[in-house]
Amino acid sequence: MADFDLVVRGGNLADGTGAAIREADVAVKDGRIAAVGKVSGQGREEIEGKGLLVTPGFVDIHTHYDGQATWDSYLQPSSWHGVTTAVMGNCGVGFAPVKIEDRQRLIELMEGVEDIPGAALDEGLNWSWESFGQYLDALDAKPRDMDLGAQLPHGALRVFVMGERAARLEEATPEEVAQMRALTAQAMRDGALGFSTSRTLNHRTVKGDPTPSLRASEEELLGIALGMKDAGRGVIEFISDFNTPNPESEFEMLDRLLTASGRPFSVSLAQRHSRPDGWRRLLGLVEGLVAKGHSAKAQVAPRPIGVLQGLQASRIPFSMCAAYKEIQHKSVEERLAIMRDPAFRARILKESSEPMRSEMAQRLTDFDRMFPLGDPPNYEPPQETSFGARAAREGRDPRELIYDYLIEGEGKNFIFAPFANYAAYNLDCCSEMMQSPHTLIGLGDGGAHVGLISDGSYPTYLLQHWGRDRKQGRLDVSWLVKRHTQDNAKAVGLGDRGVVAVGKRADLNVIDFDRLRVEAPVMKWDLPAGGKRLLQRATGYRATIVSGQVTYRDGEATGALPGRLVRGAQAG
């Protein structure tokens, strides 16, 4: 009879603590790590790890599987990239609590903020819940390929309590704040990992209306934070533009909220191209909260934040042209046929050269920051490879180059257009952000922006690019593993995972590090109602293990679905 359920033999173990990589066996029994080191006993199943990198399963704290998790047991693309625990309900959007009359409003909010097709949500969501606890019960009933934790979204909570007044951004009454406090406390007791809110103008419904939480008062936010204090649990996730001349005032409010509630906190952080050094000021403000005794972190990304444009995607650089709007609802094949017509090409190029005044128009015409994505995809492309730089060298209009590129390759080409973290045409700012002790690796948005972004591949890119491929400024692999395992797990209260040690959850990756690579994204029409989404696989993962069961071998699902809902903080 076997001594263990599973043994990974002789792998190069990066155990999640940041300690030097060492050769070790890892034995698993009953979903937990049973032994690490030289294991003499036998496993019912054994994986040869010689020459392979063995890590804890990755913990992704910023995803948006709130809808997909209710109908799909496979949380792809994240599960293709070694993620064994995902946290959703970020950015203040989600689907609970909800009243029947507000269901469509929450769908429109999610579609607008996170670019998830409304038709897919309409068909996929069964709405078997009203309260947040009932939503967790619905999630708990479905097995899946990874563990999943959920946060209480401010948008849904506010609409549930205030109805239409929430959408009109009216101020909550003291009675409504008290109700939000009670609902928040109950959601935390029912198993929410935390609470999320958004105060950014970038977050709008599909109809263009601001997110309901945009102007929530300090009194309202304080009431919610006190609800978390009442329950004695939960983390706060916060997004804001910090656009005012005095972002310090927003952090002064945060200081008061954290002082009153005592809860941990994280905020999204990226480099704005318009203010390349502004992120340092904000990170300094986070450090100021830490100096006052608060548990505060900034979530950062390991590569540029940007969109993928193409005929299969939700947007191209000509999306605002009248000629393109006439055909944008046609199939890719139909649009290709029309766009190959020289007369149509001339019409679009003429329209696109006329001045357009909007922030979106500026992004769509920033040709110096538009690059062919390529295969394999290049997320740190040299400045001279941009369409703008190439056009200048060739004495051509960049619009012509872009138009021709879009209709090549049967319309499957993607343009990578970074709008953050790439002001200097390199990722040095990301390196500096990641190496701060006050940051977390996040912002991958798995399950969201499905027609424009494919950043759920962050975990693979983190190791591949920063640990192996970058020409200068590579980072220690063991440290990178720690950043996406133990550090993230601790930040959301999951002390039972993120480290390969006896007694911890047996969530593991076995990786052929030399072959580890992010593949090019492809568009699939596999969401409910035929909705489309960008999917991006990886090569190099020999095995991904969740709770002691192999869920993926060489990138293919085994059919094992040991993943469950994580209810609240978990002791180590």
# chains A, B, ... in the order shown; residues from 1 in each chain; ligands from 1
$ residues_around --residues "Gly495 of chain A" --least-positions-apart "2" --cutoff "8 Å" --atoms "only C-alpha atoms" --output "ChimeraX atom specification"
/A:489-490,493,497-498,569-572
$ select_by_dssp --residues "segment 75-261 of chain A" --states "helix (DSSP H, G or I)" --output "PyMOL selection string"
chain A and resi 78-81+90-92+100-114+118-124+132-140+154-162+164-167+174-190+218-231+247-261
$ atom_distance --atom1 "atom CA of Leu106 of chain A" --atom2 "atom CA of Met88 of chain A"
15.4 Å
$ closest_residue --among "A:Leu406, A:Ile441, A:Ala172, A:Ala225" --to "Leu269 of chain A" --atoms "only C-alpha atoms"
A:Ile441
$ closest_atom_pairs --of "segment 407-452 of chain A" --to "segment 367-381 of chain A" --cutoff "9 Å" --atoms "only C-alpha atoms" --output "CSV"
residue,atom,partner,partner_atom,distance
A:Asn413,CA,A:Pro372,CA,7.7
A:Phe414,CA,A:Leu373,CA,5.8
A:Ile415,CA,A:Pro372,CA,4.8
A:Phe416,CA,A:Phe371,CA,5.1
A:Ala417,CA,A:Met370,CA,4.6
A:Pro418,CA,A:Arg369,CA,6.4
A:Phe419,CA,A:Arg369,CA,7.8
A:Tyr422,CA,A:Glu380,CA,8.5
A:Tyr425,CA,A:Glu380,CA,7.4
A:Asn426,CA,A:Glu380,CA,6.0
A:Leu427,CA,A:Glu380,CA,6.7
$ write_last_selection --atoms "all heavy atoms" --output "mmCIF file, in the first residue's frame"
data_model
loop_
_atom_site.group_PDB
_atom_site.id
_atom_site.type_symbol
_atom_site.label_atom_id
_atom_site.label_comp_id
_atom_site.auth_asym_id
_atom_site.auth_seq_id
_atom_site.Cartn_x
_atom_site.Cartn_y
_atom_site.Cartn_z
ATOM 1 N N ASN A 413 -4.434 39.178 -36.814
ATOM 2 C CA ASN A 413 -3.335 39.936 -36.213
ATOM 3 C C ASN A 413 -3.837 40.837 -35.092
ATOM 4 O O ASN A 413 -4.931 41.404 -35.182
ATOM 5 C CB ASN A 413 -2.640 40.797 -37.262
ATOM 6 C CG ASN A 413 -1.811 39.975 -38.224
ATOM 7 O OD1 ASN A 413 -1.484 38.824 -37.950
ATOM 8 N ND2 ASN A 413 -1.466 40.551 -39.368
ATOM 9 N N PHE A 414 -3.012 40.985 -34.073
ATOM 10 C CA PHE A 414 -3.335 41.882 -32.967
ATOM 11 C C PHE A 414 -2.286 42.982 -32.862
ATOM 12 O O PHE A 414 -1.088 42.737 -33.028
ATOM 13 C CB PHE A 414 -3.396 41.127 -31.636
ATOM 14 C CG PHE A 414 -4.591 40.230 -31.498
ATOM 15 C CD1 PHE A 414 -4.447 38.851 -31.507
ATOM 16 C CD2 PHE A 414 -5.863 40.766 -31.358
ATOM 17 C CE1 PHE A 414 -5.544 38.013 -31.373
ATOM 18 C CE2 PHE A 414 -6.974 39.950 -31.228
ATOM 19 C CZ PHE A 414 -6.817 38.567 -31.240
ATOM 20 N N ILE A 415 -2.768 44.175 -32.564
ATOM 21 C CA ILE A 415 -1.906 45.316 -32.256
ATOM 22 C C ILE A 415 -1.873 45.465 -30.746
ATOM 23 O O ILE A 415 -2.916 45.507 -30.089
ATOM 24 C CB ILE A 415 -2.447 46.609 -32.895
ATOM 25 C CG1 ILE A 415 -2.392 46.518 -34.420
ATOM 26 C CG2 ILE A 415 -1.677 47.830 -32.407
ATOM 27 C CD1 ILE A 415 -3.163 47.628 -35.114
ATOM 28 N N PHE A 416 -0.664 45.537 -30.184
ATOM 29 C CA PHE A 416 -0.516 45.753 -28.745
ATOM 30 C C PHE A 416 -0.347 47.245 -28.509
ATOM 31 O O PHE A 416 0.581 47.870 -29.030
ATOM 32 C CB PHE A 416 0.700 44.984 -28.225
ATOM 33 C CG PHE A 416 0.972 45.190 -26.760
ATOM 34 C CD1 PHE A 416 -0.051 45.086 -25.826
ATOM 35 C CD2 PHE A 416 2.252 45.467 -26.305
ATOM 36 C CE1 PHE A 416 0.189 45.270 -24.474
ATOM 37 C CE2 PHE A 416 2.511 45.643 -24.957
ATOM 38 C CZ PHE A 416 1.477 45.544 -24.037
ATOM 39 N N ALA A 417 -1.277 47.829 -27.737
ATOM 40 C CA ALA A 417 -1.281 49.277 -27.502
ATOM 41 C C ALA A 417 -1.241 49.553 -26.003
ATOM 42 O O ALA A 417 -2.280 49.698 -25.351
ATOM 43 C CB ALA A 417 -2.521 49.911 -28.131
ATOM 44 N N PRO A 418 -0.039 49.624 -25.406
ATOM 45 C CA PRO A 418 0.061 49.912 -23.970
ATOM 46 C C PRO A 418 -0.310 51.352 -23.656
ATOM 47 O O PRO A 418 0.075 52.275 -24.381
ATOM 48 C CB PRO A 418 1.532 49.638 -23.657
ATOM 49 C CG PRO A 418 2.246 49.789 -24.945
ATOM 50 C CD PRO A 418 1.268 49.400 -26.026
ATOM 51 N N PHE A 419 -1.070 51.548 -22.584
ATOM 52 C CA PHE A 419 -1.423 52.906 -22.156
ATOM 53 C C PHE A 419 -0.943 53.203 -20.740
ATOM 54 O O PHE A 419 -1.162 54.294 -20.222
ATOM 55 C CB PHE A 419 -2.925 53.152 -22.262
ATOM 56 C CG PHE A 419 -3.790 52.196 -21.468
ATOM 57 C CD1 PHE A 419 -3.969 52.353 -20.112
ATOM 58 C CD2 PHE A 419 -4.432 51.142 -22.103
ATOM 59 C CE1 PHE A 419 -4.759 51.479 -19.381
ATOM 60 C CE2 PHE A 419 -5.223 50.260 -21.387
ATOM 61 C CZ PHE A 419 -5.391 50.431 -20.027
ATOM 62 N N TYR A 422 4.536 52.101 -19.657
ATOM 63 C CA TYR A 422 5.447 52.018 -20.800
ATOM 64 C C TYR A 422 5.844 53.395 -21.308
ATOM 65 O O TYR A 422 6.107 53.587 -22.498
ATOM 66 C CB TYR A 422 4.819 51.187 -21.931
ATOM 67 C CG TYR A 422 5.836 50.361 -22.685
ATOM 68 C CD1 TYR A 422 6.622 49.440 -22.019
ATOM 69 C CD2 TYR A 422 6.011 50.502 -24.048
ATOM 70 C CE1 TYR A 422 7.565 48.680 -22.693
ATOM 71 C CE2 TYR A 422 6.947 49.750 -24.739
ATOM 72 C CZ TYR A 422 7.725 48.834 -24.045
ATOM 73 O OH TYR A 422 8.659 48.075 -24.715
ATOM 74 N N TYR A 425 9.257 53.309 -22.868
ATOM 75 C CA TYR A 425 9.424 52.199 -23.825
ATOM 76 C C TYR A 425 10.293 51.082 -23.248
ATOM 77 O O TYR A 425 11.027 50.403 -23.961
ATOM 78 C CB TYR A 425 10.003 52.700 -25.156
ATOM 79 C CG TYR A 425 9.066 53.625 -25.891
ATOM 80 C CD1 TYR A 425 9.168 55.006 -25.743
ATOM 81 C CD2 TYR A 425 8.070 53.126 -26.720
ATOM 82 C CE1 TYR A 425 8.304 55.866 -26.395
ATOM 83 C CE2 TYR A 425 7.192 53.979 -27.386
ATOM 84 C CZ TYR A 425 7.320 55.343 -27.214
ATOM 85 O OH TYR A 425 6.454 56.181 -27.878
ATOM 86 N N ASN A 426 10.174 50.876 -21.946
ATOM 87 C CA ASN A 426 10.775 49.716 -21.298
ATOM 88 C C ASN A 426 10.019 49.459 -19.998
ATOM 89 O O ASN A 426 9.149 50.255 -19.610
ATOM 90 C CB ASN A 426 12.274 49.919 -21.042
ATOM 91 C CG ASN A 426 12.557 51.083 -20.103
ATOM 92 O OD1 ASN A 426 12.033 51.140 -18.989
ATOM 93 N ND2 ASN A 426 13.393 52.023 -20.560
ATOM 94 N N LEU A 427 10.352 48.355 -19.338
ATOM 95 C CA LEU A 427 9.622 47.953 -18.142
ATOM 96 C C LEU A 427 10.399 48.217 -16.858
ATOM 97 O O LEU A 427 10.154 47.586 -15.835
ATOM 98 C CB LEU A 427 9.254 46.462 -18.238
ATOM 99 C CG LEU A 427 8.233 46.115 -19.322
ATOM 100 C CD1 LEU A 427 7.927 44.624 -19.318
ATOM 101 C CD2 LEU A 427 6.943 46.913 -19.135
#
$ select_by_dssp --residues "segment 187-305 of chain A" --states "strand (DSSP E)" --output "list in words"
Gly194, Phe195, Ser196, Thr197, Ser198, Arg199, Val235, Ile236, Glu237, Phe238, Ile239, Ser240, Phe265, Ser266, Val267, Ser268, Ala296, Lys297, Ala298, Gln299, Val300 and Ile305 of chain A
$ closest_residue --among "A:Arg505, A:Glu170, A:Val518, A:Leu121" --to "Ala216 of chain A" --atoms "only C-alpha atoms"
A:Glu170
$ decode --residues "segment 469-505 of chain A" --atoms "N, CA, C and O atoms" --output "PDB file, in the first residue's frame"
ATOM      1  N   ASP A 469      14.224  35.618 -19.514  1.00  0.00           N
ATOM      2  CA  ASP A 469      14.430  36.125 -20.869  1.00  0.00           C
ATOM      3  C   ASP A 469      14.877  37.574 -20.969  1.00  0.00           C
ATOM      4  O   ASP A 469      15.445  37.962 -21.996  1.00  0.00           O
ATOM      5  N   ARG A 470      14.605  38.381 -19.956  1.00  0.00           N
ATOM      6  CA  ARG A 470      14.942  39.797 -20.096  1.00  0.00           C
ATOM      7  C   ARG A 470      16.458  39.967 -20.204  1.00  0.00           C
ATOM      8  O   ARG A 470      17.220  39.361 -19.442  1.00  0.00           O
ATOM      9  N   LYS A 471      16.887  40.796 -21.139  1.00  0.00           N
ATOM     10  CA  LYS A 471      18.316  40.926 -21.403  1.00  0.00           C
ATOM     11  C   LYS A 471      19.051  41.564 -20.237  1.00  0.00           C
ATOM     12  O   LYS A 471      20.186  41.200 -19.925  1.00  0.00           O
ATOM     13  N   GLN A 472      18.422  42.523 -19.580  1.00  0.00           N
ATOM     14  CA  GLN A 472      19.029  43.176 -18.426  1.00  0.00           C
ATOM     15  C   GLN A 472      18.002  43.287 -17.309  1.00  0.00           C
ATOM     16  O   GLN A 472      16.806  43.405 -17.568  1.00  0.00           O
ATOM     17  N   GLY A 473      18.475  43.232 -16.079  1.00  0.00           N
ATOM     18  CA  GLY A 473      17.577  43.438 -14.952  1.00  0.00           C
ATOM     19  C   GLY A 473      16.731  42.241 -14.598  1.00  0.00           C
ATOM     20  O   GLY A 473      15.629  42.400 -14.047  1.00  0.00           O
ATOM     21  N   ARG A 474      17.228  41.015 -14.898  1.00  0.00           N
ATOM     22  CA  ARG A 474      16.467  39.837 -14.486  1.00  0.00           C
ATOM     23  C   ARG A 474      16.407  39.753 -12.962  1.00  0.00           C
ATOM     24  O   ARG A 474      17.295  40.240 -12.259  1.00  0.00           O
ATOM     25  N   LEU A 475      15.372  39.085 -12.466  1.00  0.00           N
ATOM     26  CA  LEU A 475      15.146  38.973 -11.023  1.00  0.00           C
ATOM     27  C   LEU A 475      15.218  37.513 -10.594  1.00  0.00           C
ATOM     28  O   LEU A 475      14.969  36.603 -11.393  1.00  0.00           O
ATOM     29  N   ASP A 476      15.552  37.291  -9.354  1.00  0.00           N
ATOM     30  CA  ASP A 476      15.729  35.935  -8.826  1.00  0.00           C
ATOM     31  C   ASP A 476      14.437  35.135  -8.931  1.00  0.00           C
ATOM     32  O   ASP A 476      13.359  35.599  -8.516  1.00  0.00           O
ATOM     33  N   VAL A 477      14.534  33.932  -9.463  1.00  0.00           N
ATOM     34  CA  VAL A 477      13.349  33.108  -9.709  1.00  0.00           C
ATOM     35  C   VAL A 477      12.636  32.756  -8.411  1.00  0.00           C
ATOM     36  O   VAL A 477      11.403  32.828  -8.319  1.00  0.00           O
ATOM     37  N   SER A 478      13.391  32.374  -7.387  1.00  0.00           N
ATOM     38  CA  SER A 478      12.760  32.015  -6.119  1.00  0.00           C
ATOM     39  C   SER A 478      12.000  33.199  -5.529  1.00  0.00           C
ATOM     40  O   SER A 478      10.902  33.041  -4.977  1.00  0.00           O
ATOM     41  N   TRP A 479      12.576  34.389  -5.656  1.00  0.00           N
ATOM     42  CA  TRP A 479      11.903  35.602  -5.169  1.00  0.00           C
ATOM     43  C   TRP A 479      10.638  35.881  -5.979  1.00  0.00           C
ATOM     44  O   TRP A 479       9.593  36.240  -5.417  1.00  0.00           O
ATOM     45  N   LEU A 480      10.699  35.702  -7.286  1.00  0.00           N
ATOM     46  CA  LEU A 480       9.512  35.905  -8.128  1.00  0.00           C
ATOM     47  C   LEU A 480       8.397  34.937  -7.748  1.00  0.00           C
ATOM     48  O   LEU A 480       7.222  35.309  -7.695  1.00  0.00           O
ATOM     49  N   VAL A 481       8.757  33.700  -7.466  1.00  0.00           N
ATOM     50  CA  VAL A 481       7.765  32.707  -7.030  1.00  0.00           C
ATOM     51  C   VAL A 481       7.106  33.163  -5.730  1.00  0.00           C
ATOM     52  O   VAL A 481       5.878  33.113  -5.583  1.00  0.00           O
ATOM     53  N   LYS A 482       7.927  33.603  -4.786  1.00  0.00           N
ATOM     54  CA  LYS A 482       7.380  34.079  -3.512  1.00  0.00           C
ATOM     55  C   LYS A 482       6.388  35.210  -3.728  1.00  0.00           C
ATOM     56  O   LYS A 482       5.342  35.274  -3.060  1.00  0.00           O
ATOM     57  N   ARG A 483       6.672  36.097  -4.678  1.00  0.00           N
ATOM     58  CA  ARG A 483       5.805  37.247  -4.909  1.00  0.00           C
ATOM     59  C   ARG A 483       4.417  36.824  -5.367  1.00  0.00           C
ATOM     60  O   ARG A 483       3.432  37.519  -5.087  1.00  0.00           O
ATOM     61  N   HIS A 484       4.347  35.723  -6.119  1.00  0.00           N
ATOM     62  CA  HIS A 484       3.041  35.319  -6.646  1.00  0.00           C
ATOM     63  C   HIS A 484       2.439  34.142  -5.888  1.00  0.00           C
ATOM     64  O   HIS A 484       1.464  33.544  -6.344  1.00  0.00           O
ATOM     65  N   THR A 485       3.030  33.803  -4.746  1.00  0.00           N
ATOM     66  CA  THR A 485       2.475  32.704  -3.945  1.00  0.00           C
ATOM     67  C   THR A 485       2.274  33.170  -2.506  1.00  0.00           C
ATOM     68  O   THR A 485       1.208  33.657  -2.154  1.00  0.00           O
ATOM     69  N   GLN A 486       3.311  33.082  -1.693  1.00  0.00           N
ATOM     70  CA  GLN A 486       3.159  33.431  -0.285  1.00  0.00           C
ATOM     71  C   GLN A 486       2.704  34.869  -0.072  1.00  0.00           C
ATOM     72  O   GLN A 486       1.799  35.132   0.732  1.00  0.00           O
ATOM     73  N   ASP A 487       3.301  35.822  -0.799  1.00  0.00           N
ATOM     74  CA  ASP A 487       2.968  37.232  -0.566  1.00  0.00           C
ATOM     75  C   ASP A 487       1.503  37.517  -0.865  1.00  0.00           C
ATOM     76  O   ASP A 487       0.822  38.202  -0.085  1.00  0.00           O
ATOM     77  N   ASN A 488       1.018  37.012  -1.995  1.00  0.00           N
ATOM     78  CA  ASN A 488      -0.379  37.256  -2.345  1.00  0.00           C
ATOM     79  C   ASN A 488      -1.329  36.519  -1.406  1.00  0.00           C
ATOM     80  O   ASN A 488      -2.373  37.050  -1.013  1.00  0.00           O
ATOM     81  N   ALA A 489      -0.980  35.282  -1.047  1.00  0.00           N
ATOM     82  CA  ALA A 489      -1.841  34.517  -0.146  1.00  0.00           C
ATOM     83  C   ALA A 489      -1.976  35.223   1.202  1.00  0.00           C
ATOM     84  O   ALA A 489      -3.084  35.357   1.754  1.00  0.00           O
ATOM     85  N   LYS A 490      -0.858  35.693   1.740  1.00  0.00           N
ATOM     86  CA  LYS A 490      -0.898  36.385   3.035  1.00  0.00           C
ATOM     87  C   LYS A 490      -1.721  37.663   2.960  1.00  0.00           C
ATOM     88  O   LYS A 490      -2.435  38.015   3.899  1.00  0.00           O
ATOM     89  N   ALA A 491      -1.634  38.350   1.807  1.00  0.00           N
ATOM     90  CA  ALA A 491      -2.316  39.640   1.674  1.00  0.00           C
ATOM     91  C   ALA A 491      -3.827  39.511   1.760  1.00  0.00           C
ATOM     92  O   ALA A 491      -4.509  40.455   2.170  1.00  0.00           O
ATOM     93  N   VAL A 492      -4.366  38.361   1.374  1.00  0.00           N
ATOM     94  CA  VAL A 492      -5.824  38.173   1.435  1.00  0.00           C
ATOM     95  C   VAL A 492      -6.221  37.202   2.541  1.00  0.00           C
ATOM     96  O   VAL A 492      -7.349  36.712   2.583  1.00  0.00           O
ATOM     97  N   GLY A 493      -5.292  36.932   3.462  1.00  0.00           N
ATOM     98  CA  GLY A 493      -5.626  36.144   4.642  1.00  0.00           C
ATOM     99  C   GLY A 493      -5.606  34.648   4.465  1.00  0.00           C
ATOM    100  O   GLY A 493      -6.161  33.919   5.295  1.00  0.00           O
ATOM    101  N   LEU A 494      -4.952  34.156   3.409  1.00  0.00           N
ATOM    102  CA  LEU A 494      -4.943  32.719   3.149  1.00  0.00           C
ATOM    103  C   LEU A 494      -3.610  32.130   3.602  1.00  0.00           C
ATOM    104  O   LEU A 494      -2.717  31.830   2.814  1.00  0.00           O
ATOM    105  N   GLY A 495      -3.481  31.950   4.894  1.00  0.00           N
ATOM    106  CA  GLY A 495      -2.243  31.446   5.471  1.00  0.00           C
ATOM    107  C   GLY A 495      -2.027  29.965   5.283  1.00  0.00           C
ATOM    108  O   GLY A 495      -0.977  29.437   5.656  1.00  0.00           O
ATOM    109  N   ASP A 496      -3.009  29.274   4.701  1.00  0.00           N
ATOM    110  CA  ASP A 496      -2.900  27.821   4.544  1.00  0.00           C
ATOM    111  C   ASP A 496      -2.271  27.413   3.217  1.00  0.00           C
ATOM    112  O   ASP A 496      -2.172  26.227   2.920  1.00  0.00           O
ATOM    113  N   ARG A 497      -1.833  28.386   2.402  1.00  0.00           N
ATOM    114  CA  ARG A 497      -1.305  28.074   1.064  1.00  0.00           C
ATOM    115  C   ARG A 497      -0.218  29.074   0.699  1.00  0.00           C
ATOM    116  O   ARG A 497       0.075  30.002   1.427  1.00  0.00           O
ATOM    117  N   GLY A 498       0.392  28.853  -0.461  1.00  0.00           N
ATOM    118  CA  GLY A 498       1.413  29.778  -0.938  1.00  0.00           C
ATOM    119  C   GLY A 498       2.829  29.381  -0.571  1.00  0.00           C
ATOM    120  O   GLY A 498       3.779  30.025  -0.999  1.00  0.00           O
ATOM    121  N   VAL A 499       2.981  28.305   0.229  1.00  0.00           N
ATOM    122  CA  VAL A 499       4.294  27.812   0.639  1.00  0.00           C
ATOM    123  C   VAL A 499       4.276  26.289   0.576  1.00  0.00           C
ATOM    124  O   VAL A 499       3.272  25.663   0.939  1.00  0.00           O
ATOM    125  N   VAL A 500       5.375  25.697   0.103  1.00  0.00           N
ATOM    126  CA  VAL A 500       5.502  24.238   0.122  1.00  0.00           C
ATOM    127  C   VAL A 500       6.126  23.863   1.454  1.00  0.00           C
ATOM    128  O   VAL A 500       7.341  23.934   1.646  1.00  0.00           O
ATOM    129  N   ALA A 501       5.278  23.502   2.402  1.00  0.00           N
ATOM    130  CA  ALA A 501       5.714  23.125   3.743  1.00  0.00           C
ATOM    131  C   ALA A 501       4.704  22.149   4.317  1.00  0.00           C
ATOM    132  O   ALA A 501       3.523  22.154   3.933  1.00  0.00           O
ATOM    133  N   VAL A 502       5.163  21.317   5.218  1.00  0.00           N
ATOM    134  CA  VAL A 502       4.294  20.297   5.813  1.00  0.00           C
ATOM    135  C   VAL A 502       3.067  20.954   6.433  1.00  0.00           C
ATOM    136  O   VAL A 502       3.174  21.929   7.184  1.00  0.00           O
ATOM    137  N   GLY A 503       1.914  20.420   6.122  1.00  0.00           N
ATOM    138  CA  GLY A 503       0.652  20.912   6.651  1.00  0.00           C
ATOM    139  C   GLY A 503      -0.056  21.905   5.763  1.00  0.00           C
ATOM    140  O   GLY A 503      -1.257  22.143   5.942  1.00  0.00           O
ATOM    141  N   LYS A 504       0.661  22.487   4.797  1.00  0.00           N
ATOM    142  CA  LYS A 504       0.028  23.451   3.887  1.00  0.00           C
ATOM    143  C   LYS A 504      -0.765  22.709   2.814  1.00  0.00           C
ATOM    144  O   LYS A 504      -0.566  21.517   2.561  1.00  0.00           O
ATOM    145  N   ARG A 505      -1.656  23.447   2.175  1.00  0.00           N
ATOM    146  CA  ARG A 505      -2.434  22.854   1.085  1.00  0.00           C
ATOM    147  C   ARG A 505      -1.495  22.387  -0.030  1.00  0.00           C
ATOM    148  O   ARG A 505      -0.528  23.060  -0.386  1.00  0.00           O
TER     149      ARG A 505
END
